[in-house]
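**Q** Structure provided below as structure tokens; questions to follow.
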Amino acid sequence: MKIIVAGCGKIGTSILANLAQEGHDVVAVDKKNEVIAELTNVYDVMGVCGNAVDCDTLEEAGASDCGMFVAMTDSDELNMLSCFIAKRMGAQNTIARIRNPEYNDSSLGFMRQHLELSMAINPELRTAAELYNILKFPSALKIERFSRRNLEMIEFRLDDDSDFAGKTLVEIRKKFDAKFLICCVQRGEEVYIPGGNFTLQSGDKIGLTASMPEMQKLMKMLGTLKKQAKNILILGGSKTAFYLAKMLEEGGNTVKIIEQDEKRCAELTAELPSATIIHGNGAEQELLMEEGLSTCDAFVALTGIDEENILISIFASMQKVPKTIVKINRDELVSMAQKIGIESVVSPKIITSNVLVQLARALENSSGSSVETLYKIFDGKAEALEFIVAQDSKLTGKMLKEIKLKPNILIGGIMRGRKTIIPSGVDMILPGDRVIVISSNNRLNDILDILK
Amino acid sequence: MNRKFVFYMCGQMLIIEAVLMILPLLTSIVYKESCAWAFLLTGGIELFLGALAMLFLKPKDTVIYSREGFVITALTWVLLSAGGALPFVFSGEIPSFADAFFETVSGFTTTGASILTDLESMSRGLMMWRSFTHWVGGMGILVMVMAVMPMTTDRSIHIMRAEMPGPIVGKLVPRVRQTAKILYIIYIALTLLQIVLLLLGGMPLYDSMIHAFGTAGTGGFGIKSDSIASYSPYLQWVITIFMFIFGINFNLYYLALIRRFKSVFSSEELWTYIAIVLISVFAVTVNIMPLYSSVSESVRMSAFQVMSIMSTTGYATADFDLWPQFSRTVLLLLMFVGACAGSTAGGMKVSRVIILFKSARRELKKMLHPRSVSAVRFEGKSLESSTLSGIGVYLSFYIAIILGVLLLISFEPFDFETKFSSVIACFNNVGPGLGAVGPSGSYAGYTAFSKIILSVSMLLGRLEIYPIIFLLSPSVWKKKS
């Protein structure tokens, strides 16, 4: 499919890199010549230098016959306008980044409809949602939710004294009386989709699917259950912080935000009446201690500077804060942060490009059982996907052990109505089920792609 | 420097060359010539070496940067020229390796300069190979590989940039592979069209293929010692027109294919190219009028020679060395200009010349109005200062190399005109020059040393200087830290 990405900042670049890797024909549009030169050197994409609202530029990029047009410039208004023009020129689907909170209320639906946007994406809002999920279940490094709320995939790392370490998956299943499935293991740089004889080691990072109550039961048995965070300290008053604070407030939590800029503090105070807004420099340890860093349940670093986020969260961990989460924009810093023990990391880039990769795959597969949700997990080395099984699918009516899967694929869960099934060999897939598939080294567009 | 990847690519290229030798092999089988075994032997050696490289040097790390792109390109061209010279040596028809190397480099770089004095006695298989190297070298052999083989790296644009002529190399479509495919499809279609038109004019199939390859690559190897002169006026016109066609930027053909005629007709380079052609043809026609019996003949002669020199092909229908001094000077100047960027032709390229003139004008204006702010505009866009300085640097290298090569061959016993035009004709990939190396002469009189020097200058000209320079500089070869 031909895809145009207009505006190649951090998020735009990440999107086009992912889409080009997926095999799409990507055209990058940006105002700056240097940006285009750099991009075309590194990725196999075509570059067009120009204004994304200029018809000539869009014509040159080929907007009239593109399958997807993604506007990711800094300005919401520019994104809306260039999507509108691209749509009028003949682009099949348009996606605009719209992140101003003023547009993200009831007016969004109206605008989407009249600008004929296929999707309005708000990276800040999505990041905040991911942060909120983690804060609700702090035992996990990360939580991936699927469209029904009754099955989740969590990631966590095995400590030295973990009860899982040194056991095969079959042994673990016997020992722990809970319904869960270990779907994915990362050891060093390698990612495995484990079989029953796979032996876990301490230090492995594992991905596991289960329903929420089972998950809590399991964590209790492992002794790693952390209390849901109630008292949260946020550093940096960005848009993400605003969205997160709003969600947390609605969930009845206590939120404190530290922000340097006085004007921004005033704005936040107006919009978040029950949150405590502190004006000050978060890099000062004195201030952090004074505002009760050591007594809060969770600390979230959301400043615009990755290095500052990492360093301050190291300090927070030293103060024995039960849960610290860091926002990191630059990919290379994510793995570095993980090496020095900062495990709960959210990256707006990855979150946003996941959404677009999912959309592109769903668009390519117009019939059959297309991708409903897609997560790239474990540094993008594996994927967790959700499919809805079509009525006449070849998969249905067979026991799972009779289905021949490609290597490195595992069925991690089945959702049937309100019921959650953690599958074993004798379970069956029925039409209308939502199926979670974990895979590495495969590119799945349709659930049938899992078959040999 | 990702050496493993570089050598792996070179191995792949050897195999490709072995495959390419199937065409001349078939030709020699059809004509029952003994040179067939020379191709088999060469192909065998190349397959063996190539397979060794591909088996033992499979790189894990496929990230390449522009330096690898340059080195792969330069190394491939040197290697393939050496490999392509082997059939000539094995068959004994060009016994000296330096001669065979000169002939093959001249083929791949689409120069068309030859050391052969008696073309009619050569076997047809070898002549087919000689002309086929023009066709392969014209669009670029690495571009061909990109089109047919799945590339192992995302960054193959670096290789394409190093091989394709012109100051700015962009893509037609998002994928490098697709771009390469489109270019080759246009190239093949135009070549086939020319073969058909030549056949219609009564030229035998073998001759048509040879001449179509020579025109498409803007090379200029023929099979007769008087080049095209003995063919009918119709055939001469067909070749004239196709020399013009292959001198146009291929991107424009693609734009025409996707019906963006407006962009095609607004191309500044195209109009300048057409203008230079028309003016030169007119000037030369008037100048040579007394030598020919009719106006139509002098127009035909003048158009053919001007097109042949400007597109750096090097075919001839008349011995222009016997023309008046003015016409010869015009032709010599056209050798410098060359045809459009993104075509198969050599030379400085029309776009570079336009930009050089425009920036010179801007500098003059700046002297008169020191505070004036102005940009150099080309094809409707104002150019970055990095592009401008890049072209300035290119010009300095261009002049330095011409002077350097001229110095190196200065001890040869020819007159100055011969030596100077040899350097210009080789470096700009034209082929025939003036004096002893004119259309009726050959490069056979040069010593082996000068032949190697001229071969290198042909490679420098075809690959636009930088790849060969980087190939020779040790700092580029440093191991990746």
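Lettering and numbering for the structure tokens are positional, with chains as A, B, ... in the shown order, residues counted from 1 in each chain, and ligands counted from 1 in the shown order.
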Check which residues of chain B sit at most 12 Å from chain A using only C-alpha atoms, and return one row each with the closest pair of atoms and their distance in Å to one decimal, ordered by chain and rising number, as a tab-separated table.
**A**
```
residue	atom	partner	partner_atom	distance
B:Val63	CA	A:Val42	CA	9.2
B:Ile64	CA	A:Val42	CA	9.2
B:Tyr65	CA	A:Asn41	CA	8.1
B:Ser66	CA	A:Asn41	CA	8.3
B:Gly69	CA	A:Asn41	CA	11.2
B:Met151	CA	A:Asp44	CA	11.0
B:Thr152	CA	A:Asp44	CA	11.8
B:Thr153	CA	A:Asp44	CA	9.0
B:Asp154	CA	A:Asp44	CA	5.3
B:Arg155	CA	A:Val42	CA	5.9
B:Ser156	CA	A:Asp44	CA	7.9
B:Ile157	CA	A:Asn41	CA	6.8
B:His158	CA	A:Asn41	CA	7.1
B:Ile159	CA	A:Asn41	CA	10.8
B:Met160	CA	A:Asn41	CA	11.2
B:Arg161	CA	A:Asn41	CA	10.2
B:Ile168	CA	A:Ala37	CA	11.1
B:Val169	CA	A:Thr40	CA	11.1
B:Gly170	CA	A:Met46	CA	7.8
B:Lys171	CA	A:Met46	CA	6.1
B:Leu172	CA	A:Met46	CA	7.7
B:Val173	CA	A:Met46	CA	6.4
B:Pro174	CA	A:Met46	CA	4.2
B:Arg175	CA	A:Asp44	CA	5.7
B:Val176	CA	A:Asp44	CA	6.5
B:Arg177	CA	A:Asp44	CA	9.2
B:Gln178	CA	A:Asp25	CA	9.6
B:Thr179	CA	A:Met46	CA	10.1
B:Leu255	CA	A:Glu60	CA	10.6
B:Ile258	CA	A:Gly62	CA	10.8
B:Arg260	CA	A:Glu60	CA	9.7
B:Lys262	CA	A:Glu60	CA	11.9
B:Ser263	CA	A:Glu60	CA	9.9
B:Lys381	CA	A:Cys49	CA	10.5
B:Ser382	CA	A:Asn33	CA	11.6
B:Leu383	CA	A:Asn33	CA	10.4
B:Glu384	CA	A:Asn33	CA	8.6
B:Ser385	CA	A:Asn33	CA	11.6
B:Ser386	CA	A:Glu34	CA	10.6
B:Thr387	CA	A:Asn33	CA	11.6
```
**Q** Extract, using only C-alpha atoms, all DNA, RNA and protein residues at most 12 Å from Met289 (chain A), discarding same-chain residues fewer than 5 positions from it, and format them as a list in words.
**A**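 Counting only the stated atoms, we get Leu233, Gly282, Ala283, Glu284, Ser294, Thr295, Cys296, Ile312, Phe315, Ala316, Met318, Gln319 and Val321 of chain A.
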**Q** Could you save those same residues with C-alpha atoms as a PDB file, in the first residue's frame?
**A**
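Below you can see result16.pdb, which holds the result:
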```pdb
ATOM      1  CA  LEU A 233       3.623  12.295  41.955  1.00  0.00           C
ATOM      2  CA  GLY A 282      11.849  18.915  39.571  1.00  0.00           C
ATOM      3  CA  ALA A 283      15.562  18.318  39.227  1.00  0.00           C
ATOM      4  CA  GLU A 284      16.082  19.705  42.724  1.00  0.00           C
ATOM      5  CA  SER A 294       9.503   9.083  49.678  1.00  0.00           C
ATOM      6  CA  THR A 295       5.908   8.632  50.747  1.00  0.00           C
ATOM      7  CA  CYS A 296       4.156   8.516  47.368  1.00  0.00           C
ATOM      8  CA  ILE A 312      15.363  11.640  38.448  1.00  0.00           C
ATOM      9  CA  PHE A 315      16.805   9.006  42.411  1.00  0.00           C
ATOM     10  CA  ALA A 316      13.149   8.107  43.052  1.00  0.00           C
ATOM     11  CA  MET A 318      16.713   5.050  45.573  1.00  0.00           C
ATOM     12  CA  GLN A 319      14.112   6.698  47.801  1.00  0.00           C
ATOM     13  CA  VAL A 321       9.231   4.677  45.747  1.00  0.00           C
TER      14      VAL A 321
END
```
**Q** CA of Arg328 (chain B) and CA of Asn287 (chain B) are how many Å apart?
**A**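 Taking CA of Arg328 (chain B) as the start and CA of Asn287 (chain B) as the end point, the length is 10.2 Å.
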**Q** If we count only C-alpha atoms and set the cut-off at 9 Å, which residues sit around Met127 (chain B), ignoring sequence neighbours fewer than 4 positions away in its own chain? Please answer as a list in words.
**A** Pro24, Leu119, Met122, Ser123, Ser131, Phe132, Ile210, Phe221, Gly222 and Ile223 of chain B
**Q** For Cys66 (chain A), which residue out of A:Ala86, A:Leu181, A:Leu141, A:Leu235 is the nearest one, using only C-alpha atoms?
**A**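 Among the listed residues, A:Ala86 lies closest to Cys66 (chain A).
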**Q** Please provide the set of residues having any atom within 6 Å of region 157-164 of chain A, restricted to only C-alpha atoms, with same-chain residues fewer than 2 positions apart removed, written as a PyMOL selection string.
**A** chain A and resi 167+202-205
